[in-house]
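Note: the block below is run08.tsv and it holds TSV, C-alpha atoms.
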chain	number	residue	atom	x	y	z
S	1	MET	CA	0.00	0.00	0.00
S	2	SER	CA	2.82	2.37	0.88
S	3	LYS	CA	4.48	1.53	-2.47
S	4	ILE	CA	1.27	2.52	-4.31
S	5	LYS	CA	1.02	5.80	-2.38
S	6	ASP	CA	4.67	6.43	-3.11
S	7	ASP	CA	4.13	5.87	-6.86
S	8	LEU	CA	1.12	8.19	-6.91
S	9	GLY	CA	3.14	10.84	-5.07
S	10	SER	CA	5.90	10.55	-7.67
S	11	LEU	CA	3.41	10.84	-10.54
S	12	LEU	CA	1.73	13.90	-8.98
S	13	LEU	CA	5.08	15.54	-8.35
S	14	ALA	CA	6.19	14.85	-11.94
S	15	GLU	CA	2.92	16.30	-13.28
S	16	LEU	CA	3.31	19.41	-11.11
S	17	LEU	CA	6.90	19.92	-12.32
S	18	VAL	CA	5.82	19.55	-15.96
S	19	GLN	CA	3.03	22.11	-15.51
S	20	ALA	CA	5.22	24.53	-13.56
S	21	SER	CA	7.99	24.41	-16.16
S	22	SER	CA	5.66	24.68	-19.20
S	23	ASP	CA	4.91	28.36	-18.51
S	24	GLY	CA	4.89	30.94	-15.75
S	25	LEU	CA	2.97	29.41	-12.88
S	26	PHE	CA	4.73	31.89	-10.64
S	27	THR	CA	4.88	35.36	-12.18
S	28	HIS	CA	5.88	37.74	-9.40
S	29	ASP	CA	9.04	38.77	-11.28
S	30	ARG	CA	6.90	40.12	-14.16
S	31	VAL	CA	4.94	42.31	-11.72
S	32	SER	CA	8.12	43.88	-10.37
S	33	VAL	CA	9.41	44.51	-13.94
S	34	ASP	CA	6.14	46.22	-14.90
S	35	THR	CA	6.11	48.30	-11.70
S	36	GLN	CA	9.70	49.39	-12.34
S	37	ARG	CA	8.76	50.37	-15.90
S	38	LEU	CA	5.81	52.42	-14.62
S	39	ALA	CA	8.15	54.34	-12.30
S	40	GLU	CA	10.41	55.15	-15.27
S	41	GLU	CA	7.43	56.22	-17.40
S	42	LEU	CA	6.08	58.51	-14.67
S	43	ASP	CA	9.56	60.00	-14.36
S	44	ALA	CA	9.63	60.63	-18.14
S	45	ILE	CA	6.27	62.45	-17.87
S	46	ASN	CA	7.68	64.64	-15.06
S	47	THR	CA	10.67	65.45	-17.28
S	48	MET	CA	8.29	66.56	-20.05
S	49	VAL	CA	6.47	68.82	-17.56
S	50	ILE	CA	9.76	70.40	-16.40
S	51	ALA	CA	10.80	70.90	-20.04
S	52	GLY	CA	7.50	72.72	-20.67
S	53	GLU	CA	6.31	70.11	-23.20
S	54	LEU	CA	3.27	69.21	-21.06
S	55	SER	CA	1.01	71.22	-18.73
S	56	GLU	CA	0.11	69.79	-15.31
S	57	GLU	CA	-3.38	68.98	-16.58
S	58	GLN	CA	-1.99	67.08	-19.58
S	59	ALA	CA	0.54	65.29	-17.36
S	60	ALA	CA	-2.22	64.13	-15.00
S	61	LEU	CA	-4.09	62.55	-17.95
S	62	HIS	CA	-0.90	60.89	-19.25
S	63	ARG	CA	-0.22	59.49	-15.77
S	64	GLN	CA	-3.78	58.14	-15.57
S	65	LEU	CA	-3.35	56.41	-18.95
S	66	ARG	CA	-0.13	54.77	-17.73
S	67	LEU	CA	-1.77	53.62	-14.52
S	68	ASN	CA	-4.70	52.18	-16.47
S	69	ALA	CA	-2.26	50.25	-18.69
S	70	LEU	CA	-0.46	48.83	-15.64
S	71	LYS	CA	-3.75	47.80	-14.00
S	72	MET	CA	-4.73	46.00	-17.22
S	73	LYS	CA	-1.37	44.17	-17.21
S	74	LEU	CA	-1.86	43.11	-13.58
S	75	LEU	CA	-5.35	41.82	-14.38
S	76	ALA	CA	-3.88	39.84	-17.31
S	77	ILE	CA	-1.23	38.33	-15.02
S	78	GLU	CA	-3.93	37.39	-12.49
S	79	GLY	CA	-6.01	35.73	-15.22
S	80	VAL	CA	-3.08	33.88	-16.79
S	81	ASP	CA	-2.02	32.64	-13.32
S	82	ALA	CA	-5.57	31.45	-12.61
S	83	ILE	CA	-5.68	29.57	-15.93
S	84	ALA	CA	-2.24	28.00	-15.23
S	85	LEU	CA	-3.37	26.92	-11.75
S	86	GLU	CA	-6.62	25.53	-13.14
S	87	ARG	CA	-4.64	23.54	-15.74
S	88	THR	CA	-2.22	22.27	-13.08
S	89	LEU	CA	-5.02	21.07	-10.81
S	90	ASP	CA	-6.79	19.54	-13.81
S	91	GLY	CA	-3.58	17.72	-14.79
S	92	MET	CA	-3.11	16.36	-11.26
S	93	GLY	CA	-6.74	15.24	-11.21
S	94	LYS	CA	-6.18	13.33	-14.46
S	95	VAL	CA	-3.11	11.65	-12.93
S	96	ILE	CA	-5.19	10.48	-9.94
S	97	ARG	CA	-8.03	9.28	-12.18
S	98	ARG	CA	-5.59	7.45	-14.47
S	99	PHE	CA	-3.78	5.93	-11.46
S	100	TYR	CA	-6.98	4.47	-10.02
S	101	GLY	CA	-8.44	3.66	-13.49
S	102	ILE	CA	-11.50	5.86	-12.97
M	1	MET	CA	7.51	3.18	4.52
M	2	ASN	CA	11.01	4.62	4.34
M	3	CYS	CA	12.15	8.20	4.97
M	4	LEU	CA	12.32	8.99	1.25
M	5	SER	CA	8.68	8.07	0.62
M	6	ILE	CA	7.55	10.03	3.69
M	7	THR	CA	9.44	13.08	2.42
M	8	LYS	CA	8.04	12.69	-1.11
M	9	ASN	CA	4.43	12.21	0.03
M	10	GLY	CA	4.84	15.09	2.47
M	11	LEU	CA	6.11	17.32	-0.31
M	12	VAL	CA	3.21	16.42	-2.61
M	13	LEU	CA	0.74	17.01	0.21
M	14	ALA	CA	2.34	20.37	1.00
M	15	ILE	CA	2.17	21.43	-2.66
M	16	LEU	CA	-1.47	20.36	-2.94
M	17	LEU	CA	-2.31	22.28	0.24
M	18	ALA	CA	-0.44	25.34	-1.06
M	19	LEU	CA	-2.28	25.19	-4.39
M	20	GLY	CA	-5.57	24.70	-2.58
M	21	ALA	CA	-4.86	27.76	-0.45
M	22	CYS	CA	-4.50	29.95	-3.55
M	23	SER	CA	-7.68	31.84	-4.34
M	24	LEU	CA	-8.85	30.13	-7.50
M	25	VAL	CA	-10.47	32.70	-9.77
M	26	SER	CA	-12.71	31.17	-12.40
M	27	VAL	CA	-11.95	32.47	-15.87
M	28	SER	CA	-14.53	32.44	-18.66
M	29	PRO	CA	-13.98	30.46	-21.87
M	30	TYR	CA	-12.28	32.05	-24.91
M	31	ASP	CA	-14.51	34.37	-26.93
M	32	SER	CA	-13.46	34.62	-30.59
M	33	SER	CA	-15.86	37.53	-31.27
M	34	ALA	CA	-14.29	39.58	-28.47
M	35	ASP	CA	-10.81	38.68	-29.75
M	36	LYS	CA	-11.69	39.92	-33.26
M	37	ALA	CA	-13.41	43.09	-31.98
M	38	ILE	CA	-10.45	43.98	-29.72
M	39	THR	CA	-7.97	43.37	-32.56
M	40	LYS	CA	-10.08	45.59	-34.87
M	41	LEU	CA	-10.27	48.37	-32.26
M	42	HIS	CA	-6.51	48.15	-31.78
M	43	LYS	CA	-5.99	48.57	-35.55
M	44	GLN	CA	-8.29	51.64	-35.62
M	45	THR	CA	-6.42	53.15	-32.66
M	46	ALA	CA	-3.00	52.49	-34.22
M	47	GLU	CA	-4.20	54.15	-37.45
M	48	PHE	CA	-5.38	57.16	-35.42
M	49	PHE	CA	-1.95	57.49	-33.77
M	50	ALA	CA	-0.13	57.05	-37.09
M	51	GLU	CA	-2.28	59.83	-38.56
M	52	SER	CA	-1.80	62.04	-35.47
M	53	ALA	CA	1.99	61.60	-35.67
M	54	LYS	CA	1.96	62.84	-39.29
M	55	ALA	CA	-0.43	65.74	-38.65
M	56	ALA	CA	1.10	66.96	-35.37
M	57	ASP	CA	1.54	70.53	-36.58
M	58	GLU	CA	-1.09	70.69	-39.29
M	59	ALA	CA	-4.50	72.37	-39.30
M	60	GLY	CA	-6.45	69.09	-39.06
M	61	CYS	CA	-4.81	67.94	-35.84
M	62	GLY	CA	-7.54	69.20	-33.48
M	63	TYR	CA	-10.08	67.15	-31.55
M	64	SER	CA	-12.98	68.27	-33.77
M	65	HIS	CA	-11.32	66.71	-36.83
M	66	HIS	CA	-11.22	63.29	-35.16
M	67	LEU	CA	-14.73	63.07	-33.75
M	68	SER	CA	-15.54	59.99	-35.85
M	69	PHE	CA	-12.63	58.09	-34.25
M	70	TYR	CA	-13.82	58.93	-30.73
M	71	GLN	CA	-17.44	58.05	-31.57
M	72	ASN	CA	-16.46	54.74	-33.19
M	73	SER	CA	-14.21	53.75	-30.31
M	74	LYS	CA	-16.97	54.61	-27.81
M	75	VAL	CA	-19.46	52.44	-29.72
M	76	SER	CA	-16.92	49.57	-29.98
M	77	MET	CA	-16.15	49.76	-26.25
M	78	SER	CA	-19.85	49.73	-25.40
M	79	SER	CA	-20.43	46.60	-27.52
M	80	LEU	CA	-17.40	44.85	-26.05
M	81	LEU	CA	-18.47	45.64	-22.49
M	82	VAL	CA	-22.06	44.47	-23.01
M	83	ARG	CA	-20.81	41.15	-24.44
M	84	ALA	CA	-18.13	40.70	-21.77
M	85	ARG	CA	-20.57	41.42	-18.91
M	86	ALA	CA	-23.03	38.87	-20.33
M	87	MET	CA	-20.48	36.06	-19.95
M	88	ALA	CA	-20.14	34.23	-16.63
M	89	ASP	CA	-16.81	34.36	-14.71
M	90	ASN	CA	-15.55	37.18	-16.91
M	91	ASN	CA	-14.78	39.77	-14.20
M	92	LEU	CA	-11.10	40.16	-15.12
M	93	THR	CA	-11.83	40.93	-18.78
M	94	VAL	CA	-14.71	43.25	-17.79
M	95	SER	CA	-12.36	45.18	-15.47
M	96	GLN	CA	-9.77	45.42	-18.24
M	97	LEU	CA	-12.36	46.73	-20.73
M	98	GLU	CA	-13.67	49.27	-18.19
M	99	LEU	CA	-10.12	50.58	-17.79
M	100	LEU	CA	-9.66	50.74	-21.57
M	101	SER	CA	-12.95	52.63	-21.88
M	102	SER	CA	-11.71	55.08	-19.23
M	103	SER	CA	-8.45	55.44	-21.21
M	104	TYR	CA	-10.40	56.51	-24.32
M	105	VAL	CA	-12.20	59.15	-22.21
M	106	ASN	CA	-8.79	60.38	-20.95
M	107	LEU	CA	-7.46	60.43	-24.53
M	108	ALA	CA	-10.41	62.58	-25.67
M	109	GLN	CA	-9.91	64.96	-22.71
M	110	LEU	CA	-6.23	65.23	-23.56
M	111	HIS	CA	-7.02	65.96	-27.22
M	112	GLN	CA	-9.53	68.66	-26.22
M	113	LEU	CA	-6.67	70.45	-24.45
M	114	GLY	CA	-4.78	70.79	-27.75
M	115	CYS	CA	-3.12	69.01	-30.65
M	116	PHE	CA	-0.79	66.16	-29.73
M	117	THR	CA	2.94	66.70	-30.16
M	118	SER	CA	5.08	63.89	-31.63
M	119	ALA	CA	6.43	63.08	-28.15
M	120	GLN	CA	2.87	62.86	-26.77
M	121	VAL	CA	1.76	60.60	-29.63
M	122	ASN	CA	4.65	58.25	-28.88
M	123	GLU	CA	3.76	58.17	-25.16
M	124	LEU	CA	0.08	57.54	-25.91
M	125	TRP	CA	0.79	54.88	-28.52
M	126	VAL	CA	3.00	52.93	-26.10
M	127	SER	CA	0.36	53.21	-23.40
M	128	PHE	CA	-2.50	51.98	-25.61
M	129	ASP	CA	-0.35	49.20	-27.12
M	130	ALA	CA	0.44	47.96	-23.59
M	131	SER	CA	-3.28	48.05	-22.74
M	132	PHE	CA	-4.33	46.10	-25.84
M	133	SER	CA	-1.49	43.60	-25.33
M	134	ALA	CA	-2.70	42.93	-21.78
M	135	ILE	CA	-6.31	42.37	-22.90
M	136	LEU	CA	-5.29	40.09	-25.78
M	137	LYS	CA	-2.82	38.22	-23.55
M	138	LEU	CA	-5.63	37.19	-21.22
M	139	GLU	CA	-8.03	36.40	-24.07
M	140	LEU	CA	-5.46	34.23	-25.86
M	141	ALA	CA	-4.48	32.50	-22.60
M	142	LYS	CA	-8.13	31.42	-22.36
M	143	LYS	CA	-7.69	29.75	-25.77
M	144	TYR	CA	-4.16	28.35	-25.61
M	145	GLY	CA	-3.44	28.20	-21.86
M	146	ARG	CA	-5.91	25.43	-21.10

Whole structure, structure tokens version:
Amino acid sequence: MSKIKDDLGSLLLAELLVQASSDGLFTHDRVSVDTQRLAEELDAINTMVIAGELSEEQAALHRQLRLNALKMKLLAIEGVDAIALERTLDGMGKVIRRFYGI
Amino acid sequence: MNCLSITKNGLVLAILLALGACSLVSVSPYDSSADKAITKLHKQTAEFFAESAKAADEAGCGYSHHLSFYQNSKVSMSSLLVRARAMADNNLTVSQLELLSSSYVNLAQLHQLGCFTSAQVNELWVSFDASFSAILKLELAKKYGR
């Protein structure tokens, strides 16, 4: 019985590793890259204001557009992560069903 | 049961518990009509920016000369939002489209303040490209990520 449990554990672990390596199951690094880019973009807008290329009112609208874009990226990351997790759990479920011949 | 099997089973159990602890957000199925409509709206927006970049200092650069673009984008956004809201488990896409709709309002407000300079057009184009990429990324993940 312990041998069977051990085999199932190995299969589940293998499935998890396959799913995790197939694409970004963990995407926190992408969030930090996007946040860093936003900081640079907001800085560029400030530079344009100082150079007199943009008024404060125009700069506020540009900043809002950048923030909207970042929020959309974060929502995409959340959705892609949810789909990856759903696929991983589905894959592990298939392993269990296959193992017990259900 | 040896130490190795205990460790392995413990690891699998820990991973399953960790995955179970994650808040699982249901994501709606792929919608080809939404994909096509978003791609079409992106093309219209890119054409608008390409035209704005050429006409930055010309007489036809004002907001009033581009009313048809703003009206068409408003109508497209409205259709996309109605369709997206009608689908179950589609909150993430709905939120993205609401933000994009708000971005078009901001773009119109910005244009009403004056003609866009080349530098502004570049900034805006990058911003809208990033927005469309994010929306399409999620939509395509629904198709290919499963």

Problem - 10 Å contacts from chain S to chain M using only C-alpha atoms, as a PyMOL selection string - result: chain S and resi 1-3+5-14+16+23+41+44-45+48+53-55+57-90+92

With C-alpha atoms retained, export the selected residues as an mmCIF file, keeping the file's coordinate frame.
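Saved to out-v4.cif:
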data_model
loop_
_atom_site.group_PDB
_atom_site.id
_atom_site.type_symbol
_atom_site.label_atom_id
_atom_site.label_comp_id
_atom_site.auth_asym_id
_atom_site.auth_seq_id
_atom_site.Cartn_x
_atom_site.Cartn_y
_atom_site.Cartn_z
ATOM 1 C CA MET S 1 0.000 0.000 0.000
ATOM 2 C CA SER S 2 2.820 2.370 0.880
ATOM 3 C CA LYS S 3 4.480 1.530 -2.470
ATOM 4 C CA LYS S 5 1.020 5.800 -2.380
ATOM 5 C CA ASP S 6 4.670 6.430 -3.110
ATOM 6 C CA ASP S 7 4.130 5.870 -6.860
ATOM 7 C CA LEU S 8 1.120 8.190 -6.910
ATOM 8 C CA GLY S 9 3.140 10.840 -5.070
ATOM 9 C CA SER S 10 5.900 10.550 -7.670
ATOM 10 C CA LEU S 11 3.410 10.840 -10.540
ATOM 11 C CA LEU S 12 1.730 13.900 -8.980
ATOM 12 C CA LEU S 13 5.080 15.540 -8.350
ATOM 13 C CA ALA S 14 6.190 14.850 -11.940
ATOM 14 C CA LEU S 16 3.310 19.410 -11.110
ATOM 15 C CA ASP S 23 4.910 28.360 -18.510
ATOM 16 C CA GLU S 41 7.430 56.220 -17.400
ATOM 17 C CA ALA S 44 9.630 60.630 -18.140
ATOM 18 C CA ILE S 45 6.270 62.450 -17.870
ATOM 19 C CA MET S 48 8.290 66.560 -20.050
ATOM 20 C CA GLU S 53 6.310 70.110 -23.200
ATOM 21 C CA LEU S 54 3.270 69.210 -21.060
ATOM 22 C CA SER S 55 1.010 71.220 -18.730
ATOM 23 C CA GLU S 57 -3.380 68.980 -16.580
ATOM 24 C CA GLN S 58 -1.990 67.080 -19.580
ATOM 25 C CA ALA S 59 0.540 65.290 -17.360
ATOM 26 C CA ALA S 60 -2.220 64.130 -15.000
ATOM 27 C CA LEU S 61 -4.090 62.550 -17.950
ATOM 28 C CA HIS S 62 -0.900 60.890 -19.250
ATOM 29 C CA ARG S 63 -0.220 59.490 -15.770
ATOM 30 C CA GLN S 64 -3.780 58.140 -15.570
ATOM 31 C CA LEU S 65 -3.350 56.410 -18.950
ATOM 32 C CA ARG S 66 -0.130 54.770 -17.730
ATOM 33 C CA LEU S 67 -1.770 53.620 -14.520
ATOM 34 C CA ASN S 68 -4.700 52.180 -16.470
ATOM 35 C CA ALA S 69 -2.260 50.250 -18.690
ATOM 36 C CA LEU S 70 -0.460 48.830 -15.640
ATOM 37 C CA LYS S 71 -3.750 47.800 -14.000
ATOM 38 C CA MET S 72 -4.730 46.000 -17.220
ATOM 39 C CA LYS S 73 -1.370 44.170 -17.210
ATOM 40 C CA LEU S 74 -1.860 43.110 -13.580
ATOM 41 C CA LEU S 75 -5.350 41.820 -14.380
ATOM 42 C CA ALA S 76 -3.880 39.840 -17.310
ATOM 43 C CA ILE S 77 -1.230 38.330 -15.020
ATOM 44 C CA GLU S 78 -3.930 37.390 -12.490
ATOM 45 C CA GLY S 79 -6.010 35.730 -15.220
ATOM 46 C CA VAL S 80 -3.080 33.880 -16.790
ATOM 47 C CA ASP S 81 -2.020 32.640 -13.320
ATOM 48 C CA ALA S 82 -5.570 31.450 -12.610
ATOM 49 C CA ILE S 83 -5.680 29.570 -15.930
ATOM 50 C CA ALA S 84 -2.240 28.000 -15.230
ATOM 51 C CA LEU S 85 -3.370 26.920 -11.750
ATOM 52 C CA GLU S 86 -6.620 25.530 -13.140
ATOM 53 C CA ARG S 87 -4.640 23.540 -15.740
ATOM 54 C CA THR S 88 -2.220 22.270 -13.080
ATOM 55 C CA LEU S 89 -5.020 21.070 -10.810
ATOM 56 C CA ASP S 90 -6.790 19.540 -13.810
ATOM 57 C CA MET S 92 -3.110 16.360 -11.260
#

Exercise for the section: Extract, using all atoms listed in the file, all DNA, RNA and protein residues at most 8 Å from region 55-59 of chain M, discarding same-chain residues fewer than 4 positions from it, and format them as a PyMOL selection string. Expected result: chain M and resi 51+115-118

Could you take the residues named above and write them with C-alpha atoms, as a PDB file, in the coordinates of the input?
ATOM      1  CA  GLU M  51      -2.280  59.830 -38.560  1.00  0.00           C
ATOM      2  CA  CYS M 115      -3.120  69.010 -30.650  1.00  0.00           C
ATOM      3  CA  PHE M 116      -0.790  66.160 -29.730  1.00  0.00           C
ATOM      4  CA  THR M 117       2.940  66.700 -30.160  1.00  0.00           C
ATOM      5  CA  SER M 118       5.080  63.890 -31.630  1.00  0.00           C
TER       6      SER M 118
END

Practice task
Have a look at CA of Phe48 (chain M) and CA of Gly52 (chain S) and let me know their distance in Å, one decimal.
Solution key: 25.0 Å

Exercise for the section: Measure the distance from CA of Leu80 (chain M) to CA of Ala50 (chain M) in Å and round it to one decimal. Expected result: 23.9 Å

Exercise for the section: Rounded to one decimal place, report the CA of Ala34 (chain M)-CA of Val31 (chain S) distance in Å. Expected result: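 Computing the Euclidean distance for CA of Ala34 (chain M) and CA of Val31 (chain S) yields 25.6 Å.
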
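Of the listed residues M:Trp125, M:Phe49, M:Phe69, M:Tyr30, the one whose atoms come nearest to Ala84 (chain M) is M:Tyr30, with distances taken using only C-alpha atoms.
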